[in-house]
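Shown next: run26.txt, containing compact mmCIF, C-alpha atoms.
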# COMPACT_ATOMS: atom_id res chain seq x y z
CA MET A 26 118.00 182.50 118.51
CA ILE A 27 119.66 182.90 121.86
CA VAL A 28 119.31 179.15 122.41
CA LEU A 29 121.17 178.34 119.21
CA LEU A 30 123.81 180.87 120.21
CA ALA A 31 124.19 179.22 123.61
CA VAL A 32 124.53 175.80 122.03
CA ALA A 33 127.24 177.09 119.72
CA VAL A 34 129.05 178.68 122.67
CA GLY A 35 128.82 175.43 124.65
CA VAL A 36 130.18 173.30 121.81
CA SER A 37 133.06 175.65 121.12
CA LEU A 38 133.88 175.91 124.82
CA GLY A 39 133.99 172.14 125.06
CA LEU A 40 136.22 171.94 122.01
CA VAL A 41 138.52 174.78 123.00
CA LEU A 42 138.96 174.10 126.69
CA GLN A 43 139.13 170.31 126.30
CA PRO A 44 138.12 169.79 129.92
CA THR A 45 138.93 166.53 131.64
CA VAL A 46 136.08 165.05 133.59
CA PRO A 47 136.91 164.66 137.30
CA LEU A 48 137.15 161.01 138.24
CA ASP A 49 134.29 161.28 140.75
CA LEU A 50 131.96 162.62 138.09
CA GLN A 51 132.84 160.15 135.37
CA PRO A 52 130.01 157.67 135.97
CA TYR A 53 127.42 160.48 136.20
CA LEU A 54 128.21 162.64 133.22
CA PRO A 55 126.91 160.29 130.51
CA ILE A 56 123.74 159.62 132.48
CA ALA A 57 123.24 163.33 133.08
CA VAL A 58 123.71 164.01 129.38
CA VAL A 59 121.12 161.39 128.45
CA ALA A 60 118.67 162.78 131.02
CA ALA A 61 119.18 166.29 129.67
CA LEU A 62 118.60 165.04 126.15
CA ASP A 63 115.34 163.53 127.34
CA ALA A 64 114.31 166.89 128.82
CA LEU A 65 115.32 168.64 125.61
CA PHE A 66 113.20 166.36 123.45
CA GLY A 67 110.31 166.78 125.84
CA GLY A 68 110.70 170.54 125.55
CA VAL A 69 110.71 170.44 121.77
CA ARG A 70 107.62 168.29 121.78
CA ALA A 71 105.89 170.66 124.16
CA TRP A 72 106.80 173.62 122.00
CA LEU A 73 105.39 171.89 118.96
CA GLU A 74 102.20 171.15 120.86
CA ALA A 75 102.14 174.80 121.89
CA ILE A 76 102.22 174.01 125.58
CA PHE A 77 105.87 174.94 126.11
CA ASP A 78 106.68 176.70 129.31
CA ASP A 79 110.11 178.00 130.24
CA ARG A 80 109.74 177.23 133.89
CA VAL A 81 108.55 173.70 133.32
CA PHE A 82 111.42 173.11 130.96
CA VAL A 83 114.05 174.39 133.37
CA VAL A 84 112.62 172.46 136.29
CA SER A 85 112.25 169.23 134.34
CA PHE A 86 115.72 169.58 132.90
CA VAL A 87 117.37 170.08 136.29
CA ALA A 88 115.23 167.47 137.98
CA ASN A 89 115.90 164.91 135.27
CA VAL A 90 119.64 165.37 135.57
CA LEU A 91 119.62 165.34 139.36
CA VAL A 92 117.39 162.29 139.70
CA ALA A 93 119.34 160.32 137.13
CA SER A 94 122.64 161.12 138.82
CA LEU A 95 121.18 160.35 142.23
CA ILE A 96 119.95 156.96 141.09
CA VAL A 97 123.36 156.11 139.71
CA TYR A 98 124.99 157.34 142.90
CA VAL A 99 122.74 155.18 145.06
CA GLY A 100 123.30 152.27 142.72
CA ASP A 101 127.05 152.68 143.04
CA LYS A 102 126.73 152.67 146.81
CA LEU A 103 124.64 149.51 146.62
CA GLY A 104 127.04 147.88 144.20
CA VAL A 105 124.56 147.78 141.32
CA GLY A 106 125.65 151.02 139.68
CA GLY A 107 126.30 149.39 136.34
CA GLN A 108 122.89 147.79 136.11
CA LEU A 109 121.10 150.92 137.31
CA SER A 110 122.87 153.12 134.76
CA THR A 111 121.86 150.65 132.09
CA SER A 112 118.25 150.72 133.25
CA ILE A 113 118.23 154.54 133.32
CA VAL A 114 119.63 154.68 129.82
CA VAL A 115 116.98 152.21 128.68
CA VAL A 116 114.11 154.14 130.28
CA LEU A 117 115.32 157.51 129.05
CA GLY A 118 115.99 156.04 125.64
CA ILE A 119 112.40 154.83 125.43
CA ARG A 120 111.14 158.28 126.45
CA ILE A 121 113.38 159.98 123.92
CA PHE A 122 112.04 157.64 121.27
CA SER A 123 108.42 158.33 122.12
CA ASN A 124 109.08 162.07 122.21
CA ALA A 125 110.84 161.86 118.89
CA ALA A 126 107.88 159.95 117.48
CA ALA A 127 105.52 162.67 118.71
CA ILE A 128 107.71 165.38 117.22
CA ARG A 129 107.80 163.51 113.95
CA ARG A 130 104.08 163.18 113.89
CA ARG A 131 103.67 166.87 114.54
CA VAL A 132 106.24 168.03 112.01
CA PHE A 133 105.52 165.69 109.15
CA ARG A 134 101.93 164.92 110.09
CA ALA A 135 102.72 161.24 109.67
CA MET B 14 107.95 184.13 134.81
CA THR B 15 106.21 184.24 131.49
CA ASP B 16 106.51 187.54 129.84
CA PRO B 17 103.66 187.94 127.34
CA PRO B 18 105.33 190.08 124.69
CA THR B 19 108.59 188.17 124.43
CA SER B 20 108.18 184.52 125.43
CA ASP B 21 106.39 181.84 123.51
CA GLN B 22 102.73 182.41 123.57
CA PRO B 23 100.32 179.54 123.77
CA ALA B 24 99.72 179.51 120.07
CA VAL B 25 96.40 179.90 118.47
CA ALA B 26 95.36 176.62 117.03
CA GLY B 27 95.87 176.62 113.31
CA GLU B 28 98.81 179.01 113.30
CA SER B 29 101.32 177.59 110.90
CA LEU B 30 104.47 175.91 112.19
CA HIS B 31 106.61 178.02 109.97
CA ARG B 32 105.34 181.29 111.29
CA ARG B 33 105.69 180.15 114.87
CA LEU B 34 109.27 179.11 114.20
CA THR B 35 110.09 182.46 112.63
CA ARG B 36 108.54 184.27 115.50
CA ALA B 37 110.45 182.20 118.05
CA LEU B 38 113.74 182.73 116.29
CA PHE B 39 113.45 186.45 115.99
CA ALA B 40 111.64 187.23 119.21
CA ARG B 41 113.59 189.30 121.64
CA PRO B 42 114.85 187.07 124.45
CA GLY B 43 113.41 187.54 127.86
CA PRO B 44 114.92 186.47 131.19
CA ALA B 45 113.14 183.12 131.11
CA GLN B 46 114.66 182.22 127.79
CA LEU B 47 118.06 182.99 129.24
CA GLY B 48 117.64 180.06 131.62
CA VAL B 49 116.62 177.76 128.79
CA ALA B 50 119.55 178.95 126.73
CA ALA B 51 121.95 178.45 129.63
CA LEU B 52 120.73 174.89 130.14
CA CYS B 53 120.99 174.10 126.44
CA GLY B 54 124.52 175.52 126.34
CA LEU B 55 125.43 173.45 129.38
CA LEU B 56 124.02 170.36 127.71
CA ALA B 57 126.04 171.02 124.57
CA PHE B 58 129.16 171.55 126.64
CA ALA B 59 128.64 168.33 128.62
CA LEU B 60 127.85 166.38 125.48
CA VAL B 61 131.03 167.48 123.75
CA THR B 62 133.07 166.82 126.86
CA GLN B 63 131.64 163.34 127.28
CA VAL B 64 132.16 162.48 123.62
CA ARG B 65 135.75 163.68 123.80
CA THR B 66 136.38 161.72 126.98
CA THR B 67 134.94 158.56 125.54
CA ALA B 68 136.81 158.93 122.27
CA GLY B 69 140.10 159.92 123.88
CA SER B 70 140.51 157.41 126.66
CA GLY B 71 139.47 154.21 124.97
CA THR B 72 137.13 151.74 126.53
CA LEU B 73 139.07 150.88 129.68
CA ALA B 74 138.87 154.29 131.34
CA SER B 75 135.09 154.26 131.35
CA ALA B 76 134.79 150.59 132.31
CA ARG B 77 133.51 149.61 135.72
CA PRO B 78 135.77 148.00 138.35
CA ASP B 79 134.10 144.59 138.01
CA ASP B 80 134.69 144.53 134.29
CA LEU B 81 138.25 145.73 134.80
CA VAL B 82 138.92 142.93 137.25
CA SER B 83 137.67 140.28 134.85
CA ILE B 84 139.60 141.82 131.96
CA LEU B 85 142.72 141.87 134.10
CA ALA B 86 142.22 138.22 135.08
CA ASP B 87 141.78 137.30 131.43
CA LEU B 88 144.91 139.15 130.43
CA SER B 89 147.08 137.74 133.19
CA GLY B 90 145.88 134.22 132.35
CA ARG B 91 146.79 134.78 128.75
CA ALA B 92 150.15 136.24 129.74
CA ASP B 93 150.85 133.14 131.84
CA ARG B 94 149.96 130.88 128.94
CA LEU B 95 152.17 132.85 126.59
CA ARG B 96 155.02 132.86 129.07
CA SER B 97 154.93 129.09 129.43
CA GLN B 98 154.78 128.81 125.65
CA VAL B 99 157.86 131.02 125.40
CA ALA B 100 159.69 128.83 127.91
CA ASP B 101 158.73 125.68 125.96
CA LEU B 102 159.89 127.12 122.69
CA GLN B 103 163.14 128.36 124.18
CA ARG B 104 163.81 124.91 125.60
CA SER B 105 163.24 123.24 122.27
CA ALA B 106 165.37 125.88 120.53
CA ALA B 107 168.24 125.17 122.93
CA LEU B 108 167.76 121.43 122.35
CA LEU B 109 167.88 121.85 118.60
CA ARG B 110 170.91 124.12 118.79
CA ASN B 111 172.80 121.60 120.97
CA GLY B 112 171.85 118.77 118.67
CA SER B 113 172.94 120.63 115.56
CA THR B 114 176.35 121.54 117.00
CA ARG B 115 176.87 117.96 118.11
CA ASP B 116 175.80 116.69 114.70
CA SER B 117 178.04 119.11 112.85
CA ALA B 118 181.00 118.19 115.08
CA ALA B 119 180.39 114.51 114.40
CA LEU B 120 180.08 115.25 110.71
CA ALA B 121 183.36 117.18 110.64
CA GLN B 122 185.10 114.35 112.51
CA ALA B 123 183.72 111.76 110.13
CA ARG B 124 184.78 113.86 107.16
CA ALA B 125 188.34 114.17 108.54
CA ARG B 126 188.47 110.40 109.09
CA ALA B 127 187.20 109.80 105.59
CA GLN B 128 189.92 112.06 104.17
CA THR B 129 192.66 110.31 106.15
CA LEU B 130 191.42 106.90 105.08
CA GLY B 131 191.00 108.09 101.50
CA ILE B 132 194.64 109.15 101.35
CA LEU B 133 195.77 105.88 102.91
CA THR B 134 193.67 103.68 100.61
CA GLY B 135 194.33 105.72 97.50
CA THR B 136 190.80 106.92 96.78
CA LEU B 137 191.74 110.60 97.21
CA ALA B 138 194.45 112.63 95.50
CA ALA B 139 197.10 113.91 97.93
CA ARG B 140 199.45 116.84 97.91
CA GLY B 141 202.35 117.78 100.17
CA PRO B 142 206.11 118.06 100.50
CA GLY B 143 208.05 115.08 99.16
CA VAL B 144 210.45 113.72 96.57
CA VAL B 145 210.33 112.65 92.95
CA LEU B 146 212.57 109.74 91.94
CA THR B 147 213.12 109.56 88.21
CA ILE B 148 214.69 106.43 86.76
CA GLU B 149 216.09 106.71 83.22
CA ASP B 150 216.50 103.24 81.80
CA PRO B 151 216.80 103.21 77.99
CA ARG B 152 218.21 99.64 77.89
CA LEU B 153 215.53 98.15 80.16
CA GLN B 154 218.01 96.96 82.79
CA ILE B 155 215.84 97.81 85.78
CA HIS B 156 213.56 95.09 87.10
CA SER B 157 211.00 94.65 89.79
CA ASP B 158 213.51 94.13 92.60
CA VAL B 159 214.85 97.67 92.23
CA VAL B 160 211.39 99.20 92.10
CA LEU B 161 210.23 97.15 95.10
CA ASN B 162 213.37 98.17 96.92
CA ALA B 163 212.70 101.83 96.22
CA ILE B 164 209.10 101.52 97.44
CA GLU B 165 210.22 99.76 100.62
CA GLU B 166 212.89 102.37 101.32
CA LEU B 167 210.39 105.18 100.88
CA ARG B 168 207.88 103.44 103.16
CA ASP B 169 210.55 102.93 105.79
CA ALA B 170 211.39 106.61 105.57
CA GLY B 171 207.78 107.49 106.34
CA ALA B 172 206.23 108.17 102.94
CA GLU B 173 202.48 108.68 103.37
CA ALA B 174 201.30 108.52 99.77
CA MET B 175 203.06 107.23 96.67
CA GLN B 176 202.46 106.73 93.00
CA ILE B 177 204.61 105.27 90.28
CA ALA B 178 204.24 106.38 86.71
CA GLY B 179 205.76 105.17 83.45
CA THR B 180 204.82 105.35 79.82
CA GLY B 181 202.19 102.66 80.48
CA GLY B 182 200.30 104.78 83.04
CA ALA B 183 200.34 105.80 86.68
CA VAL B 184 199.58 103.55 89.64
CA ARG B 185 198.84 104.55 93.20
CA VAL B 186 201.04 102.59 95.59
CA ILE B 187 199.15 101.37 98.63
CA THR B 188 199.53 98.62 101.22
CA SER B 189 198.47 95.81 98.90
CA THR B 190 200.51 96.94 95.91
CA SER B 191 202.47 94.18 94.21
CA VAL B 192 205.44 94.55 91.90
CA GLY B 193 206.37 92.03 89.24
CA ASP B 194 208.06 91.56 85.88
CA LEU B 195 206.45 91.11 82.49
CA GLY B 196 209.20 90.31 80.02
CA SER B 197 211.70 93.10 80.38
CA ARG B 198 209.14 95.53 81.76
CA VAL B 199 208.08 96.19 85.33
CA THR B 200 204.44 95.68 86.32
CA VAL B 201 202.89 97.39 89.31
CA ASP B 202 199.54 95.93 90.33
CA GLY B 203 199.36 94.33 86.90
CA VAL B 204 200.00 97.55 84.96
CA ALA B 205 203.09 97.28 82.77
CA LEU B 206 205.24 100.41 83.04
CA THR B 207 208.06 101.33 80.69
CA ALA B 208 210.98 103.53 81.65
CA PRO B 209 211.47 106.33 82.37
CA LEU B 210 209.77 105.57 85.68
CA ARG B 211 208.70 108.40 87.92
CA LEU B 212 208.09 107.59 91.59
CA VAL B 213 206.39 110.37 93.58
CA ALA B 214 206.27 110.12 97.39
CA ILE B 215 204.83 112.50 99.96
CA GLY B 216 206.69 112.70 103.27
CA ASP B 217 209.57 114.56 104.86
CA PRO B 218 211.66 115.43 101.75
CA ARG B 219 215.05 115.24 103.46
CA THR B 220 214.39 111.88 105.10
CA LEU B 221 213.04 110.43 101.86
CA ALA B 222 215.97 111.72 99.81
CA THR B 223 218.45 110.39 102.35
CA ALA B 224 216.77 106.97 102.36
CA LEU B 225 217.07 106.77 98.58
CA GLY B 226 220.65 108.03 98.51
CA ILE B 227 222.32 105.81 101.13
CA PRO B 228 225.48 104.07 99.85
CA GLY B 229 224.48 100.79 98.16
CA GLY B 230 220.88 101.95 98.12
CA VAL B 231 218.39 102.55 95.32
CA VAL B 232 220.24 105.34 93.52
CA ASP B 233 223.52 103.45 93.61
CA THR B 234 221.86 100.26 92.32
CA VAL B 235 220.19 102.06 89.44
CA ASP B 236 223.34 103.96 88.53
CA ALA B 237 225.31 100.66 88.52
CA ALA B 238 223.02 99.19 85.86
CA ALA B 239 224.17 99.73 82.26
CA GLY B 240 222.84 102.97 80.81
CA ALA B 241 220.45 103.60 83.73
CA HIS B 242 220.36 106.76 85.75
CA ALA B 243 218.43 107.86 88.87
CA ILE B 244 217.60 111.43 89.83
CA VAL B 245 216.08 112.41 93.21
CA THR B 246 214.34 115.78 93.36
CA THR B 247 212.95 117.18 96.62
CA SER B 248 210.02 119.57 96.41
CA PRO B 249 207.92 121.48 98.94
CA SER B 250 204.81 120.43 97.06
CA VAL B 251 204.28 117.30 95.00
CA THR B 252 200.97 115.84 93.93
CA VAL B 253 199.95 112.20 94.05
CA ALA B 254 196.98 112.25 91.69
CA ALA B 255 196.63 108.60 90.67
CA LEU B 256 193.54 107.05 92.22
CA ARG B 257 192.29 103.55 92.69
CA ALA B 258 188.88 102.14 93.44
CA LEU B 259 188.16 101.03 96.98
CA ALA B 260 188.19 97.25 97.17
CA LYS B 261 185.48 95.97 99.43
CA PRO B 262 186.89 93.19 101.60
CA ARG B 263 185.28 89.85 100.72
CA TYR B 264 186.06 87.98 103.91
CA ALA B 265 186.98 90.40 106.62
CA SER B 266 184.27 92.31 108.45
CA PRO B 267 184.59 94.73 111.34
CA ALA B 268 184.89 92.96 114.69
CA PRO B 269 182.98 94.47 117.61
CA ALA B 270 185.21 96.76 119.61
CA PRO B 271 186.52 95.07 122.78
CA THR B 272 184.75 96.52 125.78
CA PRO B 273 187.19 97.53 128.49

Mind converting the file's structure to structure tokens?
Amino acid sequence: MIVLLAVAVGVSLGLVLQPTVPLDLQPYLPIAVVAALDALFGGVRAWLEAIFDDRVFVVSFVANVLVASLIVYVGDKLGVGGQLSTSIVVVLGIRIFSNAAAIRRRVFRA
Amino acid sequence: MTDPPTSDQPAVAGESLHRRLTRALFARPGPAQLGVAALCGLLAFALVTQVRTTAGSGTLASARPDDLVSILADLSGRADRLRSQVADLQRSAALLRNGSTRDSAALAQARARAQTLGILTGTLAARGPGVVLTIEDPRLQIHSDVVLNAIEELRDAGAEAMQIAGTGGAVRVITSTSVGDLGSRVTVDGVALTAPLRLVAIGDPRTLATALGIPGGVVDTVDAAAGAHAIVTTSPSVTVAALRALAKPRYASPAPAPTP
């Protein structure tokens, strides 16, 4: 319940405040969002498999975001930021897909 | 961290999904769930922000410098091409405009020449100030010499276009006009004209009238003939409407202009 509430608050804050992303953060925000989505799907899957743990979720969420942003940062320094962000999106996308498949199997038993 | 009464319990196998969901929704939140909720709220916030940024700023703002450089190079190349095209088209437009003004000037000149020549050769009707010489001759005493004399006097006085009309018709008087007699009637270019004759000439009216009225001139000659009478009328606008077909010269052809 409180999670849904927080999501609603976050969406409305984003809509109401209309924040502009600082220029330095612009390359990292989309990657961070994708990494967080990955963590979220992993959390849902874990909950469905009844092995959800708050601490694990928080740690994996933060770590996912930090590592993804760090990789992009390093890639930017090395001049391969574009390719590395693409690769991160691909890897996370694959993980999100497999998590979604697991969730589907659990929910629909198919 | 895990708080047994409030957080998600490792579920007993076989517990239905629906019941677990209900329990999770209506369980009282513990401090651990606050962290999860905060992270989810943050994610929602970031997601909305990113979507808005992407939607609001188009594709260029989120493009990488390398891509921007290549896009810029593309665009400047295209701009160069378009600029040179514009210059080409402007040049040809100027060319066409020049040509058309020159052509229209030449056309206007040719048209003016054609009008002048048409008046001189009698293919165009003419109008202007001039005189009308009317010769009443009920007894047919007037012959070709008087008419020829009148034409010559008017030419000398600077008449630019002339026609002579009688009951037999109207004839334009031009450079090759001939005057003769047919019985007691006067023929002009082969057309027999019967009095009263009406000779219309375009030129300076006063000079023309004076030329006709000199002592011993045309008017005097006509008036001396039995029963004949001549009247000269000046007018600011007379019309020479009789036309003749243009005779194509059989023998003469234009000689090449002498080069200086």

Return as JSON, numbers by chain the residues belonging to chain A that are within 8 Å of chain B, counting all atoms listed in the file.
{"A": [26, 27, 28, 29, 31, 32, 33, 34, 35, 36, 37, 38, 39, 40, 43, 44, 45, 46, 51, 52, 54, 55, 58, 61, 62, 65, 73, 75, 76, 77, 78, 79, 80, 82, 83, 86, 107]}

Residue among A:Ala88, A:Ala64, A:Val97, A:Ala125 lying closest to A:Ser112, counting all atoms listed in the file
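Closest candidate: A:Val97.
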
B:Ile155: which residues within 8 Å, counting all atoms listed in the file, same-chain residues fewer than 2 positions away excluded, as an MDAnalysis selection string?
chainID B and resid 150 153 157 159:160 199 235 238 241

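Distances from A:Ala93, A:Ala57, A:Leu48, A:Val87 to A:Ile113 were compared using all atoms listed in the file, and the smallest one belongs to A:Ala93.
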
Taking all atoms listed in the file into account, name the residue in B:Leu161, B:Leu195, B:Val201, B:Ala260 that is nearest to B:Gly179.
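Residue with the minimum atom-to-atom distance to B:Gly179: B:Val201.
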